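The structure under discussion appears below in the form of structure tokens.
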Amino acid sequence: MSKTATDRILFLRAALSAHENYWETLRPTMGLYRRAYLTRFWEGRKDVLDESCIRVETSDGYATIESLMGSLFTKYPGVEISPDPTGAGSVEVTKTLSNEFLSTVRAQVEAAARMALIYPQSFLKLAPRESNSILGKVALRAVPPWQVLLDRDASAYEDARYVGHVYYLPVSDANEKFGRKKWVCEEQKDFFAPTDKKSAGYTKDTTELPEEYLYVRVVEMYDFQHDELLFWSPNWDSGKQLLSRDMIPCRTFDDRPLSNLVPFYFSRQPDRPMDGYSTMSRVYDQIHEKNVLRTFWANAVRRDSRQFLYRKDSLDPDQLAKVTAGQDGAMIEVDGDGSLDGMIALVPTGTLNTDHSAYLSYIEQDLQRGAMTAGFVRGEASRATATEVSVLAQYTASELGKMARDRDQTIEQAVLVYIRMLIPLVDDKQKLVINTAAGAKVVTAESLDADWTIYALDGGSTPTTDVMRKQQLIQLVPTLMQLGVKTNDLKAELVRLYDLPEDFLKAVEAEAAPEAPPLPPVPSTDEVA
């Protein structure tokens with residue numbers, strides 16, 4: 001049944017209110033995770049330590065996230081595309097455009113992956129833009145999770161009734177997109193800024209600011225139940241009207257609505273699949289404890305100085321100056337009441353409890369378990385045996401392989417959205433030509449419109465899994481040769497796996513080619529007779 005504009009606005013307000021309430025409760029926690037990653041653990045925590053105390057901040061939050069990032073990304077992402085069973089479309093054109101597109105957005109894919117490790121999840125957003133190049137007609141950006149409105153009751157992202165994006169749009173862009181209107185502009189607000197409306201600038205007068213610094217808050221909502229794309233802003237007409245209301249333009253091959261937001265999850269809550277579970281949340285308690293312990297040690301070391309007691313009137317000022325010339329010695333005058341055995345006595349200082357060192361080792365172990373990776377992934381040397389290292393490598397490879405498959409799934413979905421979004425943007429009259437492996441091809445909407453099956457080229461591979469595959473192949477070479485595998489095939493696999501120059505393979509093929517037998521002599525006419 002068709003809904004009125006008033007119904008649509010009520011729906012948008014309810015979804016936005018639930019979204020804001022959800023993230024308002026998580027804002028302090030997200031701030032803790034962010035500061036732990038940025039090595040600003042003690043920022044804003046004046047109530048924990050006195051101002052005179054020395055604060056030590058370890059880099060474990062950054063190391064945990066970036067070691068995983070380094071293990072997940074080694075080269076530009078790419079995809080392989082299987083042809084449509086009906087023969088529709090051009091595989092060469094679609095594959096070339098997809099991989100060229102991915103090569104230009106690697107930084108955004110990595111940014112989204114980094115946010116998905118620090119926060120519960122993140123998103124990739126694709127949007128059309130003006131460009132003379134076919135590769136520039138669609139832009140991709142990483143989106144933090146607090147900007148995306150989710151149907152948290154859905155059992156899977158594909159089953160969600162709606163998904164939306166709330167963001168700030170410059171006034172000039174808003175006028176261009178929705179027409180010039182009487183906007184009630186505001187400054188763009190940071191999610192981690194103070195939540196108090198006065199301190200956050202909500203009531204600040206923006207009439208004197210230039211248009212370049214003024215923004216409009218826009219809600220872009222994909223309503224899958226009613227197949228509608230809604231745009232609404234509380235900064236126009238007090239939110240009483242919709243900015244636009246149209247059918248969802250991006251469609252799958254079988255004409256189902258498709259949003260331009262691609263989810264990026266590495267872990268999910270078992271009972272709430274739409275809510276992610278970040279890596280930082282697993283190790284934050286250990287990071288907290290390590291920072292507290294190292295700060296305690298740092299202050300204890302500063303207090304571990306030599307101090308002396310001397311009997312009053314036993315030393316004149318010149319003698320006392322000579323005694324205190326050692327720089328770190330502090331002299332404390334006491335009455336000669338017999339408490340000192342001599343003129344000067346050393347003030348006894350207690351040593352740090354050795355249990356602290358044991359506690360630090362437990363923290364390190366918990367950090368490693370929480371990160372689900374072995375120490376060598378973070379570049380740490382160990383005294384483990386070769387067998388232990390092999391077991392740790394297999395354990396790490398399985399966890400990183402799972403994360404790599406999640407990464408690949410996101411890349412595959414982003415490519416699908418890219419292709420479907422590009423189809424209506426292609427003008428067949430322009431005769432756009434691209435270079436493919438099969439030669440020059442003309443890009444048309446028909447060449448892209450097919451039921452593609454998309455696979456990520458990495459196939460769940462990571463630097464750790466790649467090293468293990470190389471080692472296993474070397475170990476299996478004798479066995480494979482005994483089983484009858486051709487030497488040339490093994491050489492070709494080594495060239496591929498070790499990313500050796502293709503000239504090596506051509507040389508192998510040239511050497512392996514059998515020499516042609518000499519042709520028999522042509523009999524003369526007399527011999528034939």
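Each chain of the structure tokens is named A, B, ... in the order shown, its residues numbered from 1; ligands are numbered from 1 in display order.
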(message) What's around range 221-238 of chain A at 9 Å? Count only C-alpha atoms, leave out sequence neighbours fewer than 2 positions away in its own chain, and write the answer as a PyMOL selection string.
(response) chain A and resi 1-3+8-9+12+149+160-166+181-186+216-219+240-249+256-260
Counting only C-alpha atoms, give me one row per residue of range 17-134 of chain A with an atom at most 10 Å from an atom of range 409-432 of chain A, showing the shortest contact pair and its distance in Å to one decimal, sorted by chain then residue number, as CSV.
```
residue,atom,partner,partner_atom,distance
A:Pro77,CA,A:Ile411,CA,7.8
A:Gly78,CA,A:Ile411,CA,8.3
A:Val79,CA,A:Glu412,CA,7.2
A:Glu80,CA,A:Glu412,CA,9.4
A:Ile81,CA,A:Glu412,CA,9.8
A:Thr94,CA,A:Ile419,CA,7.5
A:Lys95,CA,A:Val415,CA,9.6
A:Leu97,CA,A:Ile419,CA,8.6
A:Ser98,CA,A:Val415,CA,6.3
A:Asn99,CA,A:Val415,CA,8.7
A:Phe101,CA,A:Val415,CA,8.5
A:Leu102,CA,A:Val415,CA,8.0
A:Val109,CA,A:Ile411,CA,8.1
A:Ala113,CA,A:Thr410,CA,9.7
A:Phe123,CA,A:Thr410,CA,9.0
A:Leu124,CA,A:Ala414,CA,7.5
A:Lys125,CA,A:Ala414,CA,8.4
A:Leu126,CA,A:Tyr418,CA,7.1
A:Ala127,CA,A:Met421,CA,8.1
A:Pro128,CA,A:Met421,CA,7.6
A:Arg129,CA,A:Leu425,CA,9.5
A:Glu130,CA,A:Leu425,CA,9.8
A:Ser133,CA,A:Leu432,CA,8.7
A:Ile134,CA,A:Leu432,CA,7.5
```
Selected residues written out, C-alpha atoms, as a tab-separated table (two decimals), in the first residue's frame:
```tsv
chain	number	residue	atom	x	y	z
A	77	PRO	CA	42.49	-5.78	-4.60
A	78	GLY	CA	41.16	-7.46	-7.69
A	79	VAL	CA	38.35	-9.74	-8.84
A	80	GLU	CA	37.73	-12.54	-11.29
A	81	ILE	CA	34.38	-12.61	-13.09
A	94	THR	CA	33.41	-5.86	-16.98
A	95	LYS	CA	36.51	-7.42	-15.46
A	97	LEU	CA	36.62	-1.87	-15.48
A	98	SER	CA	36.16	-3.57	-12.09
A	99	ASN	CA	39.86	-4.12	-11.49
A	101	PHE	CA	38.19	0.77	-10.32
A	102	LEU	CA	39.51	-1.28	-7.38
A	109	VAL	CA	38.98	-0.07	1.28
A	113	ALA	CA	38.90	-2.26	7.11
A	123	PHE	CA	30.73	0.58	5.38
A	124	LEU	CA	31.73	1.42	1.84
A	125	LYS	CA	29.52	3.89	-0.01
A	126	LEU	CA	29.45	4.20	-3.78
A	127	ALA	CA	27.95	7.27	-5.43
A	128	PRO	CA	27.82	8.64	-9.00
A	129	ARG	CA	29.79	11.76	-9.84
A	130	GLU	CA	30.52	13.94	-12.84
A	133	SER	CA	36.34	9.27	-17.76
A	134	ILE	CA	34.38	6.03	-17.46
```
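Minimum atom-to-atom distance to Ala111 in chain A, evaluated using only C-alpha atoms, belongs to A:Ile65 out of A:Thr96, A:Leu135, A:Leu480, A:Ile65.
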(message) Taking 5 positions as the minimum chain separation for residues in the same chain, which residues sit within 7 Å of Met115 in chain A when counting only C-alpha atoms? Answer as a PyMOL selection string.
(response) chain A and resi 121-122+144
(message) For the structure I just gave you, how does DSSP split range 9-221 of chain A - specifically, which residues are strand (DSSP E or B)? Reply as a PyMOL selection string.
(response) chain A and resi 79-82+122-128+138-143+148-150+162-170+183+186+215-221
Prev. selection, C-alpha atoms, output as a PDB file, in the first residue's frame:
```pdb
ATOM      1  CA  VAL A  79      38.348  -9.743  -8.840  1.00  0.00           C
ATOM      2  CA  GLU A  80      37.732 -12.543 -11.293  1.00  0.00           C
ATOM      3  CA  ILE A  81      34.380 -12.613 -13.091  1.00  0.00           C
ATOM      4  CA  SER A  82      32.664 -15.742 -14.359  1.00  0.00           C
ATOM      5  CA  SER A 122      32.172   0.016   8.850  1.00  0.00           C
ATOM      6  CA  PHE A 123      30.729   0.583   5.384  1.00  0.00           C
ATOM      7  CA  LEU A 124      31.732   1.424   1.839  1.00  0.00           C
ATOM      8  CA  LYS A 125      29.518   3.885  -0.006  1.00  0.00           C
ATOM      9  CA  LEU A 126      29.446   4.200  -3.782  1.00  0.00           C
ATOM     10  CA  ALA A 127      27.952   7.270  -5.429  1.00  0.00           C
ATOM     11  CA  PRO A 128      27.823   8.644  -8.997  1.00  0.00           C
ATOM     12  CA  VAL A 138      31.509   6.274  -9.580  1.00  0.00           C
ATOM     13  CA  ALA A 139      33.234   7.278  -6.331  1.00  0.00           C
ATOM     14  CA  LEU A 140      33.795   5.060  -3.297  1.00  0.00           C
ATOM     15  CA  ARG A 141      34.305   6.248   0.277  1.00  0.00           C
ATOM     16  CA  ALA A 142      34.749   4.580   3.654  1.00  0.00           C
ATOM     17  CA  VAL A 143      31.900   5.384   6.054  1.00  0.00           C
ATOM     18  CA  VAL A 148      24.632   4.346   8.860  1.00  0.00           C
ATOM     19  CA  LEU A 149      21.041   3.633   9.928  1.00  0.00           C
ATOM     20  CA  LEU A 150      20.510  -0.131  10.199  1.00  0.00           C
ATOM     21  CA  TYR A 162      15.875  -0.453   5.238  1.00  0.00           C
ATOM     22  CA  VAL A 163      19.348   1.031   5.369  1.00  0.00           C
ATOM     23  CA  GLY A 164      20.206   4.697   5.491  1.00  0.00           C
ATOM     24  CA  HIS A 165      23.057   7.163   5.639  1.00  0.00           C
ATOM     25  CA  VAL A 166      22.996  10.371   7.660  1.00  0.00           C
ATOM     26  CA  TYR A 167      25.651  12.895   6.701  1.00  0.00           C
ATOM     27  CA  TYR A 168      26.458  16.574   6.330  1.00  0.00           C
ATOM     28  CA  LEU A 169      26.252  18.119   2.873  1.00  0.00           C
ATOM     29  CA  PRO A 170      27.759  21.529   2.061  1.00  0.00           C
ATOM     30  CA  TRP A 183      18.095  26.071   4.717  1.00  0.00           C
ATOM     31  CA  GLU A 186      24.682  24.452  10.890  1.00  0.00           C
ATOM     32  CA  TYR A 215      26.276  22.384   6.120  1.00  0.00           C
ATOM     33  CA  VAL A 216      22.909  20.712   5.852  1.00  0.00           C
ATOM     34  CA  ARG A 217      22.202  17.440   7.629  1.00  0.00           C
ATOM     35  CA  VAL A 218      20.715  14.932   5.174  1.00  0.00           C
ATOM     36  CA  VAL A 219      19.199  11.499   5.707  1.00  0.00           C
ATOM     37  CA  GLU A 220      19.445   9.235   2.637  1.00  0.00           C
ATOM     38  CA  MET A 221      17.166   6.249   3.220  1.00  0.00           C
TER      39      MET A 221
END
```
(message) I want to know what sits within 12 Å of Asp285 in chain A, based on only C-alpha atoms, with residues of the same chain fewer than 5 positions away left out; could you give that as a PyMOL selection string?
(response) chain A and resi 29+32-33+36+41+60-61+279-280+290-292+363-364+366-367+370
Could those residues be written to a file, using N, CA and C atoms, as a PDB file, in the first residue's frame?
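This went into selection.pdb:
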```pdb
ATOM      1  N   THR A  29      32.476   4.715  24.647  1.00  0.00           N
ATOM      2  CA  THR A  29      33.282   3.524  24.393  1.00  0.00           C
ATOM      3  C   THR A  29      34.054   3.653  23.085  1.00  0.00           C
ATOM      4  N   LEU A  32      37.070   5.724  23.653  1.00  0.00           N
ATOM      5  CA  LEU A  32      38.161   4.988  24.301  1.00  0.00           C
ATOM      6  C   LEU A  32      38.937   4.164  23.287  1.00  0.00           C
ATOM      7  N   TYR A  33      38.227   3.487  22.390  1.00  0.00           N
ATOM      8  CA  TYR A  33      38.895   2.670  21.368  1.00  0.00           C
ATOM      9  C   TYR A  33      39.737   3.537  20.436  1.00  0.00           C
ATOM     10  N   ALA A  36      42.865   4.740  22.219  1.00  0.00           N
ATOM     11  CA  ALA A  36      43.819   3.643  22.382  1.00  0.00           C
ATOM     12  C   ALA A  36      44.583   3.399  21.090  1.00  0.00           C
ATOM     13  N   PHE A  41      45.929   7.388  25.194  1.00  0.00           N
ATOM     14  CA  PHE A  41      45.114   6.663  26.168  1.00  0.00           C
ATOM     15  C   PHE A  41      44.655   7.553  27.311  1.00  0.00           C
ATOM     16  N   ASP A  60      50.230  -0.424  22.033  1.00  0.00           N
ATOM     17  CA  ASP A  60      49.669  -1.757  21.770  1.00  0.00           C
ATOM     18  C   ASP A  60      48.381  -1.682  20.949  1.00  0.00           C
ATOM     19  N   GLY A  61      47.575  -0.639  21.153  1.00  0.00           N
ATOM     20  CA  GLY A  61      46.351  -0.517  20.361  1.00  0.00           C
ATOM     21  C   GLY A  61      46.661  -0.351  18.886  1.00  0.00           C
ATOM     22  N   THR A 279      37.736  -5.870  16.990  1.00  0.00           N
ATOM     23  CA  THR A 279      38.965  -6.443  17.538  1.00  0.00           C
ATOM     24  C   THR A 279      39.455  -5.617  18.714  1.00  0.00           C
ATOM     25  N   MET A 280      39.339  -4.302  18.626  1.00  0.00           N
ATOM     26  CA  MET A 280      39.800  -3.444  19.711  1.00  0.00           C
ATOM     27  C   MET A 280      39.066  -3.737  21.010  1.00  0.00           C
ATOM     28  N   LYS A 290      47.884  -2.450  30.900  1.00  0.00           N
ATOM     29  CA  LYS A 290      49.298  -2.242  30.589  1.00  0.00           C
ATOM     30  C   LYS A 290      49.687  -0.778  30.733  1.00  0.00           C
ATOM     31  N   ASN A 291      48.829   0.129  30.295  1.00  0.00           N
ATOM     32  CA  ASN A 291      49.100   1.553  30.448  1.00  0.00           C
ATOM     33  C   ASN A 291      49.142   1.952  31.916  1.00  0.00           C
ATOM     34  N   VAL A 292      48.228   1.399  32.703  1.00  0.00           N
ATOM     35  CA  VAL A 292      48.217   1.705  34.139  1.00  0.00           C
ATOM     36  C   VAL A 292      49.477   1.175  34.805  1.00  0.00           C
ATOM     37  N   ILE A 363      49.473  -9.967  31.004  1.00  0.00           N
ATOM     38  CA  ILE A 363      48.803  -8.994  30.142  1.00  0.00           C
ATOM     39  C   ILE A 363      49.222  -9.211  28.692  1.00  0.00           C
ATOM     40  N   GLU A 364      50.514  -9.417  28.468  1.00  0.00           N
ATOM     41  CA  GLU A 364      51.008  -9.653  27.106  1.00  0.00           C
ATOM     42  C   GLU A 364      50.379 -10.903  26.505  1.00  0.00           C
ATOM     43  N   ASP A 366      47.465 -12.192  27.271  1.00  0.00           N
ATOM     44  CA  ASP A 366      46.051 -11.904  26.982  1.00  0.00           C
ATOM     45  C   ASP A 366      45.910 -11.043  25.732  1.00  0.00           C
ATOM     46  N   LEU A 367      46.842 -10.105  25.535  1.00  0.00           N
ATOM     47  CA  LEU A 367      46.820  -9.288  24.327  1.00  0.00           C
ATOM     48  C   LEU A 367      46.967 -10.158  23.084  1.00  0.00           C
ATOM     49  N   GLY A 370      43.767 -12.118  22.533  1.00  0.00           N
ATOM     50  CA  GLY A 370      42.687 -11.255  22.070  1.00  0.00           C
ATOM     51  C   GLY A 370      42.840 -10.859  20.617  1.00  0.00           C
TER      52      GLY A 370
END
```
(request) Please indicate the distance in Å from CA of Pro85 in chain A to CA of Asp449 in chain A, rounded to one decimal place. (result) 12.9 Å
